[in-house]
Amino acid sequence: VFTVCEEVGLIGAQALDKKDFTSKRLINLDNSSALSTYVSCSGGLRFRFKKKLEMVKCNTSIYRLEVRGLYGGHSGGNIHLERGNSNKISSRVLYHLNKEVGINLVNIDGGSKENAIPREATAVFASDADFKKIKNIVARQGEKIKKELMYSDAGLTVEVYEDRAEKMCTKDISDSIITMFYMLPNGFKHRSMVIDDLTVASQNMGVIKTVDNEIICTYSLRGAIESYNDEGMEVLVNFCNIFGFEWESGSRYPAWEYTEISDMREILKTVYKDFYNRDIQIKATHGGLECGVFKKIIPDIDIVTLGADSYDVQTPNERMNLESFDNTYKLLVQYLENL
C-alpha cells in the first residue's frame with residue numbers, strides 16, 4: 001500500500017476503506033533506524049488559527065527582525081531535545097521590543113512545515129524608537145536566548161535591520177498578536193514513566209505566515225494518549241477566544257498502542273538476529289506512524305516496522321545511508337521468506 005500526504009496528517013492512510021483489505025499482517029517501512037523496530041507511536045492533530053490584520057498608513061521607521069541558524073528537526077523525534085523554535089524566539093524578542101519601546105507589526109513569517117521544528121523566522125515591524133535603541137534591545141534578548149540554547153543551537157543568530165513598508169497593523173491588533181504568540185505553549189510536555197527517554201506529549205508551533213493581511217499559525221500536537229491532545233487543543237482554543245483568533249482543527253490521527261503479543265515481532269527478532277548477528281532494538285516513538293490508522297481500520301492486525309538509517313529528518317540535512325537501505329531490502333526479503 002502506497003499512501004500520500006503522510007507528513008501533513010496521514011491523510012492518505014485515513015482515506016482508506018476497511019473493505020479493501022483482507023490481510024491481517026502489516027510491515028510498515030516508515031522506520032528511520034536499521035537498529036530497531038517500533039511497537040507504538042503517538043497520535044496527533046493539526047491546530048490552525050488566524051486573525052485578520054487592520055492595516056493603517058505607516059509614518060514611522062520600519063525594521064526587520066531575523067532569526068536564523070537553528071538546528072531544527074522532526075517535531076516528534078527531536079522535540080525532547082528542546083531545540084530552539086524560531087517562531088517562539090521571534091515572538092519573545094517582539095514582546096520585549098513592544099514592552100520597552102512599543103511596536104506595530106507589519107508581518108511575521110516562520111517555519112515551513114507543521115511537523116518540523118522551525119529553523120528560521122522573519123518579522124517586520126514599525127516603531128518610533130531609533131535604530132540604535134532597537135538594536136540594543138534585540139542584541140540583549142538575543143544574547144540571553146543564545147546562552148539558553150548554547151548546547152542545542154550554537155549557530156543561532158538574532159539580527160535586526162532597517163526596512164521599508166507602507167502600512168502597519170493597528171496597535172491593538174498588533175499587541176494582541178504579539179502577546180498571544182509570546183504566551184503560547186510550545187515544545188516538550190510529558191515523558192513516559194515506563195519507557196526511558198520516550199516523549200508522550202508535545203506541541204510544536206510549526207508555521208506562522210502572513211497572507212493577504214491575515215496572520216495564520218499552525219500547530220502540530222502529539223500525544224500517546226488522546227486526552228493529551230484534547231487538553232492541549234483546549235488550551236489553544238482558550239487563547240484564541242481570549243485574543244480574538246478564529247481557529248479550526250483537523251488531520252487528527254490515532255495513536256498506535258503497544259500490543260504485548262505479536263507473532264510478527266517474534267519472527268522478526270529471529271530473522272534479524274540471523275541477518276545481523278545482533279538483537280533488534282524494540283522501541284516506542286513519539287512520531288506519528290500510519291500503523292495507528294491501520295490498527296483502527298483493522299483492530300486485529302499484527303504490525304512491525306522496518307527501515308534504513310536516516311539522519312537529521314525534517315531538516316535540509318536529511319539523508320539516508322544507502323548501504324543500510326540495501327541491507328534493509330535484503331532483510332525484508334529474508335523476513336518475507338520466513339512468514
# chains A, B, ... in the order shown; residues from 1 in each chain; ligands from 1
call {"tool": "residues_around", "arguments": {"residues": "range 117-132 of chain A", "least_positions_apart": "6", "cutoff": "8 Å", "atoms": "only C-alpha atoms", "output": "PyMOL selection string"}}
result
chain A and resi 58+60-75+79+83-87+90+101-111+162-163+168+204-207
call {"tool": "residues_around", "arguments": {"residues": "Ile301 in chain A", "least_positions_apart": "2", "cutoff": "8 Å", "atoms": "only C-alpha atoms", "output": "MDAnalysis selection string"}}
result
chainID A and resid 23:26 294:295 298:299 303
call {"tool": "write_last_selection", "arguments": {"atoms": "C-alpha atoms", "output": "PDB file, in the first residue's frame"}}
result
ATOM      1  CA  SER A  23      -4.700  -9.079   5.235  1.00  0.00           C
ATOM      2  CA  LYS A  24      -4.089  -9.165   8.981  1.00  0.00           C
ATOM      3  CA  ARG A  25      -0.333  -8.534   8.814  1.00  0.00           C
ATOM      4  CA  LEU A  26       1.488  -5.268   8.109  1.00  0.00           C
ATOM      5  CA  PHE A 294      -4.292   0.679  10.097  1.00  0.00           C
ATOM      6  CA  LYS A 295      -4.865  -0.614  13.636  1.00  0.00           C
ATOM      7  CA  ILE A 298      -8.243  -3.472  11.189  1.00  0.00           C
ATOM      8  CA  PRO A 299      -8.230  -3.908  15.004  1.00  0.00           C
ATOM      9  CA  ILE A 303       2.276  -4.880  12.821  1.00  0.00           C
TER      10      ILE A 303
END
call {"tool": "residues_around", "arguments": {"residues": "Phe2 in chain A", "least_positions_apart": "5", "cutoff": "12 Å", "atoms": "only C-alpha atoms", "output": "PyMOL selection string"}}
result
chain A and resi 10+12-13+16+28-30+290
call {"tool": "write_last_selection", "arguments": {"atoms": "C-alpha atoms", "output": "compact mmCIF listing (two decimals), in the first residue's frame"}}
result
# COMPACT_ATOMS: atom_id res chain seq x y z
CA LEU A 10 -1.59 10.80 7.49
CA GLY A 12 -3.93 9.23 2.55
CA ALA A 13 -4.00 6.40 5.07
CA LEU A 16 -8.53 4.03 3.12
CA ASN A 28 5.43 -0.69 7.83
CA LEU A 29 8.52 0.75 6.10
CA ASP A 30 8.48 4.16 7.78
CA GLU A 290 0.31 5.10 9.79
call {"tool": "residues_around", "arguments": {"residues": "Arg222 in chain A", "least_positions_apart": "5", "cutoff": "10 Å", "atoms": "only C-alpha atoms", "output": "JSON, numbers by chain"}}
result
{"A": [41, 42, 43, 44, 45, 46, 75, 76, 115, 188, 189, 199, 200, 201, 202, 203, 204, 228, 229, 232, 252, 253, 254, 255, 286, 287, 288]}
call {"tool": "select_by_dssp", "arguments": {"residues": "range 65-131 of chain A", "states": "strand (DSSP E or B)", "output": "mmCIF file with N, CA and C atoms, in the first residue's frame"}}
result
data_model
loop_
_atom_site.group_PDB
_atom_site.id
_atom_site.type_symbol
_atom_site.label_atom_id
_atom_site.label_comp_id
_atom_site.auth_asym_id
_atom_site.auth_seq_id
_atom_site.Cartn_x
_atom_site.Cartn_y
_atom_site.Cartn_z
ATOM 1 N N LEU A 65 13.243 41.929 11.812
ATOM 2 C CA LEU A 65 13.894 41.002 12.739
ATOM 3 C C LEU A 65 14.089 39.659 12.049
ATOM 4 N N GLU A 66 15.296 39.115 12.129
ATOM 5 C CA GLU A 66 15.574 37.822 11.510
ATOM 6 C C GLU A 66 16.178 36.862 12.536
ATOM 7 N N VAL A 67 15.573 35.677 12.635
ATOM 8 C CA VAL A 67 16.088 34.597 13.476
ATOM 9 C C VAL A 67 16.583 33.502 12.542
ATOM 10 N N ARG A 68 17.854 33.129 12.669
ATOM 11 C CA ARG A 68 18.449 32.158 11.762
ATOM 12 C C ARG A 68 19.372 31.202 12.531
ATOM 13 N N GLY A 73 14.630 20.085 13.216
ATOM 14 C CA GLY A 73 14.439 18.658 13.419
ATOM 15 C C GLY A 73 12.974 18.265 13.377
ATOM 16 N N HIS A 74 12.732 16.988 13.521
ATOM 17 C CA HIS A 74 11.378 16.437 13.495
ATOM 18 C C HIS A 74 10.680 16.751 14.812
ATOM 19 N N ASN A 104 4.534 48.227 16.188
ATOM 20 C CA ASN A 104 3.364 47.783 15.431
ATOM 21 C C ASN A 104 3.827 46.753 14.401
ATOM 22 N N LEU A 105 3.238 45.603 14.413
ATOM 23 C CA LEU A 105 3.596 44.579 13.445
ATOM 24 C C LEU A 105 3.228 44.998 12.030
ATOM 25 N N VAL A 106 4.054 44.570 11.067
ATOM 26 C CA VAL A 106 3.723 44.677 9.653
ATOM 27 C C VAL A 106 3.417 43.275 9.123
ATOM 28 N N ASN A 107 4.314 42.339 9.379
ATOM 29 C CA ASN A 107 4.076 40.931 9.044
ATOM 30 C C ASN A 107 5.036 40.055 9.833
ATOM 31 N N ILE A 108 4.743 38.774 9.895
ATOM 32 C CA ILE A 108 5.597 37.810 10.571
ATOM 33 C C ILE A 108 5.465 36.467 9.845
ATOM 34 N N ASP A 109 6.594 35.836 9.577
ATOM 35 C CA ASP A 109 6.615 34.559 8.871
ATOM 36 C C ASP A 109 7.724 33.685 9.459
ATOM 37 N N GLY A 110 7.418 32.402 9.657
ATOM 38 C CA GLY A 110 8.434 31.495 10.172
ATOM 39 C C GLY A 110 8.030 30.045 9.998
ATOM 40 N N ALA A 116 7.776 20.040 11.637
ATOM 41 C CA ALA A 116 9.211 20.278 11.767
ATOM 42 C C ALA A 116 9.431 21.447 12.720
ATOM 43 N N ILE A 117 10.428 21.333 13.587
ATOM 44 C CA ILE A 117 10.771 22.441 14.475
ATOM 45 C C ILE A 117 11.328 23.563 13.610
ATOM 46 N N ALA A 121 12.845 32.522 11.096
ATOM 47 C CA ALA A 121 11.644 33.361 11.184
ATOM 48 C C ALA A 121 12.030 34.799 10.875
ATOM 49 N N THR A 122 11.085 35.525 10.279
ATOM 50 C CA THR A 122 11.286 36.940 9.956
ATOM 51 C C THR A 122 10.052 37.719 10.385
ATOM 52 N N ALA A 123 10.272 38.851 11.026
ATOM 53 C CA ALA A 123 9.160 39.720 11.420
ATOM 54 C C ALA A 123 9.504 41.156 11.053
ATOM 55 N N VAL A 124 8.568 41.850 10.423
ATOM 56 C CA VAL A 124 8.736 43.260 10.068
ATOM 57 C C VAL A 124 7.816 44.076 10.978
ATOM 58 N N PHE A 125 8.357 45.155 11.522
ATOM 59 C CA PHE A 125 7.561 45.957 12.474
ATOM 60 C C PHE A 125 7.931 47.427 12.353
ATOM 61 N N ALA A 126 7.045 48.265 12.871
ATOM 62 C CA ALA A 126 7.247 49.710 12.876
ATOM 63 C C ALA A 126 7.456 50.193 14.301
ATOM 64 N N SER A 127 8.267 51.253 14.449
ATOM 65 C CA SER A 127 8.486 51.823 15.783
ATOM 66 C C SER A 127 9.024 53.243 15.666
#
call {"tool": "residues_around", "arguments": {"residues": "Ser176 in chain A", "least_positions_apart": "2", "cutoff": "12 Å", "atoms": "only C-alpha atoms", "output": "PyMOL selection string"}}
result
chain A and resi 51-53+91+94-95+98+103-105+169-174+178-183+215+239-245
call {"tool": "atom_distance", "arguments": {"atom1": "CA of Glu257 in chain A", "atom2": "CA of Ser40 in chain A"}}
result
5.2 Å
call {"tool": "select_by_dssp", "arguments": {"residues": "range 37-255 of chain A", "states": "alpha helix (DSSP H)", "output": "ChimeraX atom specification"}}
result
/A:86-100,131-148,171-183,226-243
call {"tool": "residues_around", "arguments": {"residues": "Arg48 in chain A", "least_positions_apart": "6", "cutoff": "9 Å", "atoms": "only C-alpha atoms", "output": "PyMOL selection string"}}
result
chain A and resi 216-220+246-250
call {"tool": "decode", "arguments": {"residues": "range 235-259 of chain A", "atoms": "C-alpha atoms", "output": "JSON list (two decimals), in the first residue's frame"}}
result
[["chain", "number", "residue", "atom", "x", "y", "z"],
["A", 235, "VAL", "CA", -5.60, 25.43, 25.94],
["A", 236, "LEU", "CA", -5.05, 26.77, 22.41],
["A", 237, "VAL", "CA", -8.80, 27.26, 21.93],
["A", 238, "ASN", "CA", -8.94, 29.39, 25.08],
["A", 239, "PHE", "CA", -6.03, 31.53, 23.92],
["A", 240, "CYS", "CA", -7.82, 32.04, 20.59],
["A", 241, "ASN", "CA", -11.05, 33.04, 22.32],
["A", 242, "ILE", "CA", -9.28, 35.47, 24.65],
["A", 243, "PHE", "CA", -7.24, 37.17, 21.92],
["A", 244, "GLY", "CA", -9.86, 37.08, 19.17],
["A", 245, "PHE", "CA", -8.48, 34.47, 16.76],
["A", 246, "GLU", "CA", -10.55, 32.20, 14.54],
["A", 247, "TRP", "CA", -9.50, 28.55, 14.81],
["A", 248, "GLU", "CA", -10.00, 25.08, 13.36],
["A", 249, "SER", "CA", -8.55, 21.63, 13.99],
["A", 250, "GLY", "CA", -8.08, 18.71, 11.63],
["A", 251, "SER", "CA", -5.81, 15.96, 10.29],
["A", 252, "ARG", "CA", -6.29, 14.05, 13.52],
["A", 253, "TYR", "CA", -4.75, 10.59, 13.56],
["A", 254, "PRO", "CA", -4.86, 7.86, 16.22],
["A", 255, "ALA", "CA", -2.06, 6.57, 18.41],
["A", 256, "TRP", "CA", -0.75, 3.05, 17.90],
["A", 257, "GLU", "CA", -0.87, 1.40, 21.29],
["A", 258, "TYR", "CA", 1.59, -1.31, 22.34],
["A", 259, "THR", "CA", 0.44, -4.93, 21.96]]
